[in-house]
$ cat data.txt   # compact mmCIF, N, CA and C atoms
# COMPACT_ATOMS: atom_id res chain seq x y z
N MET A 1 119.63 7.15 -74.39
CA MET A 1 119.48 8.35 -73.58
C MET A 1 119.66 8.02 -72.10
N THR A 2 119.08 6.90 -71.67
CA THR A 2 119.19 6.50 -70.27
C THR A 2 120.63 6.18 -69.91
N ALA A 3 121.36 5.56 -70.85
CA ALA A 3 122.77 5.22 -70.59
C ALA A 3 123.60 6.48 -70.39
N LEU A 4 123.32 7.52 -71.16
CA LEU A 4 124.04 8.78 -71.00
C LEU A 4 123.75 9.41 -69.64
N PHE A 5 122.50 9.31 -69.20
CA PHE A 5 122.13 9.87 -67.91
C PHE A 5 122.84 9.11 -66.79
N ILE A 6 122.86 7.80 -66.88
CA ILE A 6 123.52 6.98 -65.85
C ILE A 6 125.02 7.25 -65.85
N THR A 7 125.61 7.39 -67.02
CA THR A 7 127.04 7.71 -67.11
C THR A 7 127.34 9.06 -66.49
N ALA A 8 126.53 10.06 -66.81
CA ALA A 8 126.74 11.40 -66.26
C ALA A 8 126.56 11.40 -64.74
N LEU A 9 125.56 10.69 -64.26
CA LEU A 9 125.32 10.61 -62.81
C LEU A 9 126.49 9.91 -62.12
N SER A 10 126.98 8.83 -62.72
CA SER A 10 128.10 8.09 -62.13
C SER A 10 129.36 8.94 -62.09
N LEU A 11 129.65 9.64 -63.17
CA LEU A 11 130.83 10.50 -63.19
C LEU A 11 130.71 11.63 -62.18
N GLY A 12 129.52 12.18 -62.03
CA GLY A 12 129.30 13.23 -61.05
C GLY A 12 129.50 12.73 -59.62
N LEU A 13 128.99 11.54 -59.34
CA LEU A 13 129.17 10.97 -58.00
C LEU A 13 130.63 10.64 -57.72
N LEU A 14 131.32 10.06 -58.71
CA LEU A 14 132.73 9.76 -58.52
C LEU A 14 133.57 11.03 -58.40
N GLY A 15 133.20 12.07 -59.13
CA GLY A 15 133.92 13.34 -59.05
C GLY A 15 133.72 14.05 -57.73
N SER A 16 132.67 13.69 -57.01
CA SER A 16 132.43 14.34 -55.72
C SER A 16 133.51 13.99 -54.71
N PHE A 17 134.19 12.86 -54.89
CA PHE A 17 135.29 12.53 -53.98
C PHE A 17 136.42 13.54 -54.09
N HIS A 18 136.61 14.09 -55.28
CA HIS A 18 137.59 15.16 -55.46
C HIS A 18 137.21 16.37 -54.60
N CYS A 19 135.95 16.72 -54.62
CA CYS A 19 135.50 17.87 -53.85
C CYS A 19 135.63 17.63 -52.35
N ILE A 20 135.34 16.40 -51.92
CA ILE A 20 135.48 16.08 -50.50
C ILE A 20 136.93 16.24 -50.06
N GLY A 21 137.85 15.75 -50.89
CA GLY A 21 139.26 15.77 -50.52
C GLY A 21 139.94 17.11 -50.69
N MET A 22 139.55 17.89 -51.70
CA MET A 22 140.25 19.14 -51.98
C MET A 22 139.42 20.37 -51.62
N CYS A 23 138.22 20.43 -52.14
CA CYS A 23 137.41 21.63 -51.93
C CYS A 23 136.89 21.75 -50.51
N GLY A 24 136.58 20.61 -49.87
CA GLY A 24 136.07 20.63 -48.51
C GLY A 24 137.01 21.30 -47.53
N PRO A 25 138.29 20.86 -47.46
CA PRO A 25 139.22 21.52 -46.54
C PRO A 25 139.42 23.00 -46.86
N LEU A 26 139.40 23.35 -48.15
CA LEU A 26 139.54 24.76 -48.50
C LEU A 26 138.34 25.57 -48.00
N ALA A 27 137.16 25.01 -48.15
CA ALA A 27 135.97 25.72 -47.71
C ALA A 27 135.94 25.86 -46.19
N PHE A 28 136.41 24.83 -45.48
CA PHE A 28 136.43 24.91 -44.01
C PHE A 28 137.48 25.89 -43.50
N SER A 29 138.51 26.14 -44.30
CA SER A 29 139.57 27.03 -43.84
C SER A 29 139.29 28.50 -44.17
N LEU A 30 138.17 28.79 -44.79
CA LEU A 30 137.85 30.18 -45.13
C LEU A 30 137.62 31.01 -43.88
N PRO A 31 138.19 32.20 -43.86
CA PRO A 31 137.98 33.06 -42.70
C PRO A 31 136.65 33.82 -42.81
N LEU A 32 135.55 33.10 -42.60
CA LEU A 32 134.24 33.73 -42.71
C LEU A 32 133.88 34.44 -41.41
N ASN A 33 133.20 35.55 -41.56
CA ASN A 33 132.74 36.32 -40.41
C ASN A 33 131.47 35.66 -39.88
N ASN A 34 131.53 35.12 -38.69
CA ASN A 34 130.39 34.39 -38.12
C ASN A 34 129.46 35.27 -37.32
N ASN A 35 129.60 36.58 -37.42
CA ASN A 35 128.75 37.48 -36.64
C ASN A 35 127.31 37.48 -37.13
N SER A 36 127.11 37.33 -38.43
CA SER A 36 125.75 37.38 -38.95
C SER A 36 125.62 36.44 -40.13
N ASP A 37 124.39 36.08 -40.42
CA ASP A 37 124.13 35.21 -41.57
C ASP A 37 124.47 35.91 -42.89
N ALA A 38 124.23 37.23 -42.94
CA ALA A 38 124.52 37.98 -44.15
C ALA A 38 126.02 38.00 -44.43
N ALA A 39 126.85 38.11 -43.38
CA ALA A 39 128.30 38.12 -43.56
C ALA A 39 128.79 36.75 -44.03
N LYS A 40 128.23 35.68 -43.47
CA LYS A 40 128.60 34.33 -43.90
C LYS A 40 128.20 34.11 -45.36
N PHE A 41 126.99 34.55 -45.70
CA PHE A 41 126.50 34.39 -47.07
C PHE A 41 127.38 35.16 -48.05
N THR A 42 127.73 36.39 -47.71
CA THR A 42 128.57 37.22 -48.59
C THR A 42 129.94 36.59 -48.77
N GLY A 43 130.54 36.11 -47.68
CA GLY A 43 131.85 35.48 -47.77
C GLY A 43 131.81 34.23 -48.63
N SER A 44 130.79 33.40 -48.43
CA SER A 44 130.64 32.18 -49.24
C SER A 44 130.39 32.51 -50.70
N LEU A 45 129.57 33.52 -50.94
CA LEU A 45 129.26 33.93 -52.30
C LEU A 45 130.52 34.41 -53.02
N LEU A 46 131.33 35.22 -52.35
CA LEU A 46 132.56 35.71 -52.96
C LEU A 46 133.54 34.57 -53.25
N TYR A 47 133.68 33.64 -52.30
CA TYR A 47 134.58 32.49 -52.49
C TYR A 47 134.14 31.66 -53.69
N ASN A 48 132.87 31.29 -53.73
CA ASN A 48 132.38 30.43 -54.81
C ASN A 48 132.38 31.13 -56.16
N THR A 49 132.11 32.42 -56.18
CA THR A 49 132.17 33.16 -57.44
C THR A 49 133.60 33.19 -57.96
N GLY A 50 134.55 33.45 -57.09
CA GLY A 50 135.96 33.43 -57.50
C GLY A 50 136.40 32.05 -57.97
N ARG A 51 135.94 31.01 -57.29
CA ARG A 51 136.28 29.65 -57.67
C ARG A 51 135.72 29.30 -59.05
N ILE A 52 134.47 29.65 -59.28
CA ILE A 52 133.83 29.35 -60.56
C ILE A 52 134.50 30.13 -61.69
N ILE A 53 134.79 31.39 -61.47
CA ILE A 53 135.44 32.20 -62.51
C ILE A 53 136.84 31.65 -62.80
N THR A 54 137.58 31.28 -61.76
CA THR A 54 138.92 30.75 -61.96
C THR A 54 138.89 29.45 -62.74
N TYR A 55 138.05 28.49 -62.32
CA TYR A 55 137.97 27.21 -63.02
C TYR A 55 137.47 27.40 -64.46
N SER A 56 136.52 28.28 -64.66
CA SER A 56 136.01 28.51 -66.02
C SER A 56 137.08 29.12 -66.92
N THR A 57 137.83 30.08 -66.39
CA THR A 57 138.89 30.72 -67.17
C THR A 57 139.99 29.72 -67.51
N LEU A 58 140.40 28.91 -66.52
CA LEU A 58 141.42 27.89 -66.79
C LEU A 58 140.92 26.87 -67.81
N GLY A 59 139.66 26.47 -67.68
CA GLY A 59 139.08 25.54 -68.65
C GLY A 59 139.05 26.12 -70.05
N LEU A 60 138.71 27.40 -70.16
CA LEU A 60 138.69 28.06 -71.45
C LEU A 60 140.09 28.11 -72.06
N LEU A 61 141.07 28.50 -71.25
CA LEU A 61 142.44 28.62 -71.76
C LEU A 61 143.00 27.26 -72.20
N PHE A 62 142.81 26.23 -71.37
CA PHE A 62 143.30 24.91 -71.74
C PHE A 62 142.52 24.33 -72.91
N GLY A 63 141.22 24.63 -72.98
CA GLY A 63 140.43 24.18 -74.12
C GLY A 63 140.88 24.82 -75.42
N LEU A 64 141.17 26.11 -75.37
CA LEU A 64 141.66 26.79 -76.58
C LEU A 64 143.04 26.26 -76.97
N ALA A 65 143.90 26.02 -75.98
CA ALA A 65 145.22 25.46 -76.28
C ALA A 65 145.07 24.06 -76.87
N GLY A 66 144.19 23.26 -76.30
CA GLY A 66 143.97 21.91 -76.82
C GLY A 66 143.39 21.92 -78.22
N LYS A 67 142.51 22.87 -78.49
CA LYS A 67 141.91 22.97 -79.82
C LYS A 67 142.98 23.32 -80.86
N SER A 68 143.90 24.20 -80.50
CA SER A 68 144.95 24.55 -81.45
C SER A 68 145.89 23.38 -81.69
N PHE A 69 146.14 22.56 -80.65
CA PHE A 69 146.97 21.36 -80.85
C PHE A 69 146.26 20.37 -81.75
N SER A 70 144.95 20.22 -81.58
CA SER A 70 144.24 19.22 -82.38
C SER A 70 144.19 19.63 -83.85
N LEU A 71 144.28 20.91 -84.13
CA LEU A 71 144.28 21.34 -85.53
C LEU A 71 145.51 20.80 -86.26
N PHE A 72 146.60 20.63 -85.54
CA PHE A 72 147.82 20.14 -86.17
C PHE A 72 147.96 18.63 -86.05
N GLY A 73 146.99 17.94 -85.46
CA GLY A 73 147.09 16.50 -85.26
C GLY A 73 148.12 16.16 -84.20
N PHE A 74 148.52 17.14 -83.44
CA PHE A 74 149.58 16.96 -82.46
C PHE A 74 149.05 16.43 -81.13
N GLN A 75 147.82 16.77 -80.80
CA GLN A 75 147.28 16.44 -79.49
C GLN A 75 147.20 14.93 -79.27
N GLN A 76 146.80 14.20 -80.29
CA GLN A 76 146.67 12.75 -80.16
C GLN A 76 148.02 12.13 -79.85
N TRP A 77 149.04 12.52 -80.59
CA TRP A 77 150.37 11.95 -80.36
C TRP A 77 150.96 12.42 -79.04
N LEU A 78 150.68 13.64 -78.66
CA LEU A 78 151.16 14.14 -77.37
C LEU A 78 150.52 13.36 -76.22
N SER A 79 149.22 13.12 -76.30
CA SER A 79 148.53 12.36 -75.26
C SER A 79 149.06 10.95 -75.15
N ILE A 80 149.25 10.30 -76.28
CA ILE A 80 149.78 8.93 -76.28
C ILE A 80 151.19 8.90 -75.72
N SER A 81 152.03 9.84 -76.15
CA SER A 81 153.42 9.88 -75.70
C SER A 81 153.52 10.12 -74.20
N VAL A 82 152.76 11.08 -73.70
CA VAL A 82 152.79 11.38 -72.27
C VAL A 82 152.25 10.19 -71.47
N GLY A 83 151.22 9.54 -71.97
CA GLY A 83 150.69 8.36 -71.30
C GLY A 83 151.70 7.24 -71.23
N VAL A 84 152.42 7.01 -72.32
CA VAL A 84 153.46 5.97 -72.33
C VAL A 84 154.58 6.32 -71.36
N ILE A 85 154.98 7.59 -71.32
CA ILE A 85 156.04 8.01 -70.40
C ILE A 85 155.60 7.82 -68.95
N ILE A 86 154.36 8.16 -68.65
CA ILE A 86 153.85 7.97 -67.29
C ILE A 86 153.84 6.50 -66.93
N LEU A 87 153.38 5.65 -67.84
CA LEU A 87 153.37 4.21 -67.56
C LEU A 87 154.77 3.66 -67.39
N LEU A 88 155.71 4.12 -68.22
CA LEU A 88 157.10 3.65 -68.09
C LEU A 88 157.70 4.06 -66.76
N CYS A 89 157.43 5.29 -66.34
CA CYS A 89 157.95 5.74 -65.04
C CYS A 89 157.31 4.97 -63.90
N LEU A 90 156.06 4.58 -64.06
CA LEU A 90 155.37 3.83 -63.03
C LEU A 90 155.87 2.40 -62.95
N LEU A 91 156.07 1.79 -64.11
CA LEU A 91 156.42 0.37 -64.16
C LEU A 91 157.92 0.11 -64.20
N ALA A 92 158.71 1.14 -64.43
CA ALA A 92 160.16 0.95 -64.55
C ALA A 92 160.77 0.54 -63.21
N PRO A 93 161.72 -0.38 -63.25
CA PRO A 93 162.39 -0.74 -62.00
C PRO A 93 163.14 0.46 -61.43
N LYS A 94 163.35 0.41 -60.14
CA LYS A 94 164.02 1.52 -59.44
C LYS A 94 165.41 1.77 -60.01
N LYS A 95 166.11 0.73 -60.44
CA LYS A 95 167.47 0.92 -60.95
C LYS A 95 167.49 1.73 -62.25
N TRP A 96 166.38 1.71 -63.03
CA TRP A 96 166.34 2.49 -64.26
C TRP A 96 166.09 3.97 -63.97
N THR A 97 165.24 4.22 -62.99
CA THR A 97 164.88 5.62 -62.72
C THR A 97 165.71 6.22 -61.60
N GLY A 98 166.66 5.48 -61.08
CA GLY A 98 167.44 5.97 -59.97
C GLY A 98 168.73 6.64 -60.38
N ASN A 99 168.88 6.97 -61.66
CA ASN A 99 170.13 7.60 -62.07
C ASN A 99 170.20 9.03 -61.56
N GLU A 100 171.38 9.60 -61.65
CA GLU A 100 171.62 10.92 -61.06
C GLU A 100 170.78 12.02 -61.68
N ILE A 101 170.64 12.01 -63.00
CA ILE A 101 169.91 13.08 -63.68
C ILE A 101 168.44 13.06 -63.26
N PHE A 102 167.85 11.88 -63.27
CA PHE A 102 166.44 11.76 -62.90
C PHE A 102 166.24 12.14 -61.44
N THR A 103 167.09 11.64 -60.56
CA THR A 103 166.99 11.93 -59.14
C THR A 103 167.20 13.42 -58.87
N LYS A 104 168.17 14.01 -59.54
CA LYS A 104 168.45 15.44 -59.36
C LYS A 104 167.24 16.28 -59.79
N TYR A 105 166.64 15.91 -60.92
CA TYR A 105 165.48 16.63 -61.43
C TYR A 105 164.29 16.49 -60.48
N THR A 106 163.98 15.27 -60.06
CA THR A 106 162.83 15.07 -59.18
C THR A 106 163.05 15.72 -57.82
N ASN A 107 164.27 15.71 -57.32
CA ASN A 107 164.54 16.38 -56.04
C ASN A 107 164.37 17.90 -56.17
N ALA A 108 164.76 18.45 -57.32
CA ALA A 108 164.59 19.89 -57.54
C ALA A 108 163.10 20.25 -57.60
N VAL A 109 162.31 19.41 -58.27
CA VAL A 109 160.86 19.65 -58.34
C VAL A 109 160.24 19.53 -56.95
N ARG A 110 160.63 18.51 -56.20
CA ARG A 110 160.09 18.35 -54.84
C ARG A 110 160.45 19.53 -53.96
N ALA A 111 161.68 20.01 -54.07
CA ALA A 111 162.11 21.15 -53.25
C ALA A 111 161.32 22.41 -53.63
N ALA A 112 161.11 22.61 -54.92
CA ALA A 112 160.35 23.78 -55.37
C ALA A 112 158.89 23.72 -54.90
N LEU A 113 158.31 22.52 -54.95
CA LEU A 113 156.93 22.38 -54.51
C LEU A 113 156.80 22.41 -53.00
N GLY A 114 157.88 21.99 -52.31
CA GLY A 114 157.83 21.94 -50.84
C GLY A 114 157.90 23.32 -50.28

$ encode --input "data.txt" --output "structure tokens"
Amino acid sequence: MTALFITALSLGLLGSFHCIGMCGPLAFSLPLNNNSDAAKFTGSLLYNTGRIITYSTLGLLFGLAGKSFSLFGFQQWLSISVGVIILLCLLAPKKWTGNEIFTKYTNAVRAALG
């Protein structure tokens, strides 16, 4: 029982770095009305409620999708395959991944995200 508590605490502390890097700047960029404490509280409440609902809904949808994959035994092989592909792309020499098709695809993704 103690090991589970320590594991949960450690994961929570390590996960807080995600919040510092991503959620912190988002929270600081909120256009909150600084005229009164009630306006700040309402703005923060609305932001956090929307954030919690969004993350919960996305978690539910991906959880349901993952559950349907696991029913077919597909999820395990998909996870292994994607992990191997990620490792190969990471460890592959530049000459293997520098072909025109790969470069064209990654440049298109970068342009779309940019």

$ atom_distance --input "data.txt" --atom1 "CA of Asn48 (chain A)" --atom2 "CA of Leu11 (chain A)"
21.7 Å

$ atom_distance --input "data.txt" --atom1 "atom C of Leu4 (chain A)" --atom2 "atom N of His18 (chain A)"
19.8 Å

$ atom_distance --input "data.txt" --atom1 "atom C of Cys19 (chain A)" --atom2 "atom C of Tyr47 (chain A)"
14.2 Å

$ axis_aligned_box --input "data.txt" --around "region 36-42 of chain A" --padding-each-side "4 Å" --output "JSON"
{"center_x": 127.0, "center_y": 36.1, "center_z": -43.6, "size_x": 13.8, "size_y": 12.0, "size_z": 18.3}

$ residues_near_point --input "data.txt" --point "(147.1, 14.7, -75.7)" --cutoff "12 Å" --atoms "only C-alpha atoms" --output "list of chain:residue names"
A:Phe62, A:Gly63, A:Ala65, A:Gly66, A:Lys67, A:Ser68, A:Phe69, A:Ser70, A:Phe72, A:Gly73, A:Phe74, A:Gln75, A:Gln76, A:Trp77, A:Leu78, A:Ser79, A:Ile80, A:Ser81, A:Val82, A:Gly83, A:Val84

$ select_by_dssp --input "data.txt" --residues "chain A" --states "alpha helix (DSSP H)" --output "PyMOL selection string"
chain A and resi 2-18+24-28+37-71+74-91+94-97+100-113

$ decode --input "data.txt" --residues "region 20-34 of chain A" --atoms "all heavy atoms" --output "short mmCIF file (atom, residue, chain, number, x, y, z; two decimals), in the first residue's frame"
data_model
loop_
_atom_site.label_atom_id
_atom_site.label_comp_id
_atom_site.auth_asym_id
_atom_site.auth_seq_id
_atom_site.Cartn_x
_atom_site.Cartn_y
_atom_site.Cartn_z
N ILE A 20 3.51 23.19 -15.34
CA ILE A 20 4.34 24.40 -15.31
C ILE A 20 4.63 24.87 -16.73
O ILE A 20 4.57 26.05 -17.03
CB ILE A 20 5.65 24.13 -14.53
CG1 ILE A 20 5.36 23.95 -13.06
CG2 ILE A 20 6.66 25.26 -14.76
CD1 ILE A 20 6.54 23.46 -12.25
N GLY A 21 4.95 23.93 -17.61
CA GLY A 21 5.33 24.28 -18.97
C GLY A 21 4.18 24.63 -19.88
O GLY A 21 4.30 25.47 -20.76
N MET A 22 3.02 23.97 -19.71
CA MET A 22 1.92 24.18 -20.63
C MET A 22 0.77 24.97 -20.01
O MET A 22 0.33 25.96 -20.56
CB MET A 22 1.39 22.84 -21.13
CG MET A 22 0.34 22.97 -22.20
SD MET A 22 -0.25 21.36 -22.68
CE MET A 22 -1.99 21.63 -22.59
N CYS A 23 0.30 24.50 -18.88
CA CYS A 23 -0.88 25.13 -18.27
C CYS A 23 -0.56 26.50 -17.68
O CYS A 23 -1.40 27.40 -17.70
CB CYS A 23 -1.47 24.23 -17.20
SG CYS A 23 -1.90 22.59 -17.80
N GLY A 24 0.65 26.66 -17.13
CA GLY A 24 1.02 27.94 -16.52
C GLY A 24 0.95 29.10 -17.49
O GLY A 24 0.28 30.10 -17.21
N PRO A 25 1.62 29.01 -18.66
CA PRO A 25 1.52 30.11 -19.62
C PRO A 25 0.09 30.36 -20.10
O PRO A 25 -0.29 31.51 -20.34
CB PRO A 25 2.41 29.66 -20.78
CG PRO A 25 3.38 28.73 -20.15
CD PRO A 25 2.64 28.04 -19.06
N LEU A 26 -0.69 29.30 -20.24
CA LEU A 26 -2.09 29.49 -20.64
C LEU A 26 -2.86 30.25 -19.57
O LEU A 26 -3.64 31.15 -19.88
CB LEU A 26 -2.76 28.15 -20.91
CG LEU A 26 -2.36 27.42 -22.19
CD1 LEU A 26 -3.01 26.05 -22.24
CD2 LEU A 26 -2.75 28.23 -23.40
N ALA A 27 -2.64 29.89 -18.33
CA ALA A 27 -3.35 30.56 -17.24
C ALA A 27 -2.93 32.02 -17.12
O ALA A 27 -3.76 32.90 -16.85
CB ALA A 27 -3.10 29.83 -15.93
N PHE A 28 -1.64 32.31 -17.35
CA PHE A 28 -1.18 33.70 -17.28
C PHE A 28 -1.69 34.54 -18.44
O PHE A 28 -1.78 35.76 -18.34
CB PHE A 28 0.34 33.76 -17.24
CG PHE A 28 0.91 33.48 -15.88
CD1 PHE A 28 1.88 32.51 -15.71
CD2 PHE A 28 0.47 34.18 -14.77
CE1 PHE A 28 2.40 32.25 -14.46
CE2 PHE A 28 1.00 33.92 -13.51
CZ PHE A 28 1.97 32.95 -13.36
N SER A 29 -2.01 33.90 -19.55
CA SER A 29 -2.46 34.66 -20.72
C SER A 29 -3.97 34.90 -20.72
O SER A 29 -4.48 35.52 -21.65
CB SER A 29 -2.06 33.94 -22.01
OG SER A 29 -2.78 32.74 -22.15
N LEU A 30 -4.68 34.42 -19.72
CA LEU A 30 -6.13 34.62 -19.67
C LEU A 30 -6.47 36.09 -19.50
O LEU A 30 -5.87 36.79 -18.68
CB LEU A 30 -6.73 33.84 -18.50
CG LEU A 30 -6.74 32.33 -18.64
CD1 LEU A 30 -7.26 31.71 -17.35
CD2 LEU A 30 -7.60 31.91 -19.80
N PRO A 31 -7.44 36.56 -20.25
CA PRO A 31 -7.85 37.95 -20.11
C PRO A 31 -8.83 38.11 -18.94
O PRO A 31 -10.02 38.27 -19.13
CB PRO A 31 -8.53 38.26 -21.45
CG PRO A 31 -9.07 36.94 -21.88
CD PRO A 31 -8.10 35.91 -21.36
N LEU A 32 -8.30 38.04 -17.73
CA LEU A 32 -9.16 38.17 -16.55
C LEU A 32 -9.41 39.63 -16.23
O LEU A 32 -8.54 40.48 -16.38
CB LEU A 32 -8.51 37.48 -15.35
CG LEU A 32 -8.33 35.97 -15.46
CD1 LEU A 32 -7.62 35.45 -14.22
CD2 LEU A 32 -9.66 35.28 -15.64
N ASN A 33 -10.61 39.91 -15.76
CA ASN A 33 -10.98 41.26 -15.36
C ASN A 33 -10.43 41.49 -13.95
O ASN A 33 -10.85 40.85 -12.99
CB ASN A 33 -12.51 41.40 -15.38
CG ASN A 33 -12.95 42.82 -15.14
OD1 ASN A 33 -12.15 43.68 -14.83
ND2 ASN A 33 -14.24 43.03 -15.28
N ASN A 34 -9.48 42.40 -13.83
CA ASN A 34 -8.83 42.65 -12.55
C ASN A 34 -9.52 43.72 -11.72
O ASN A 34 -8.95 44.21 -10.75
CB ASN A 34 -7.36 43.03 -12.77
CG ASN A 34 -6.56 41.87 -13.29
OD1 ASN A 34 -6.81 40.72 -12.93
ND2 ASN A 34 -5.60 42.15 -14.14
#
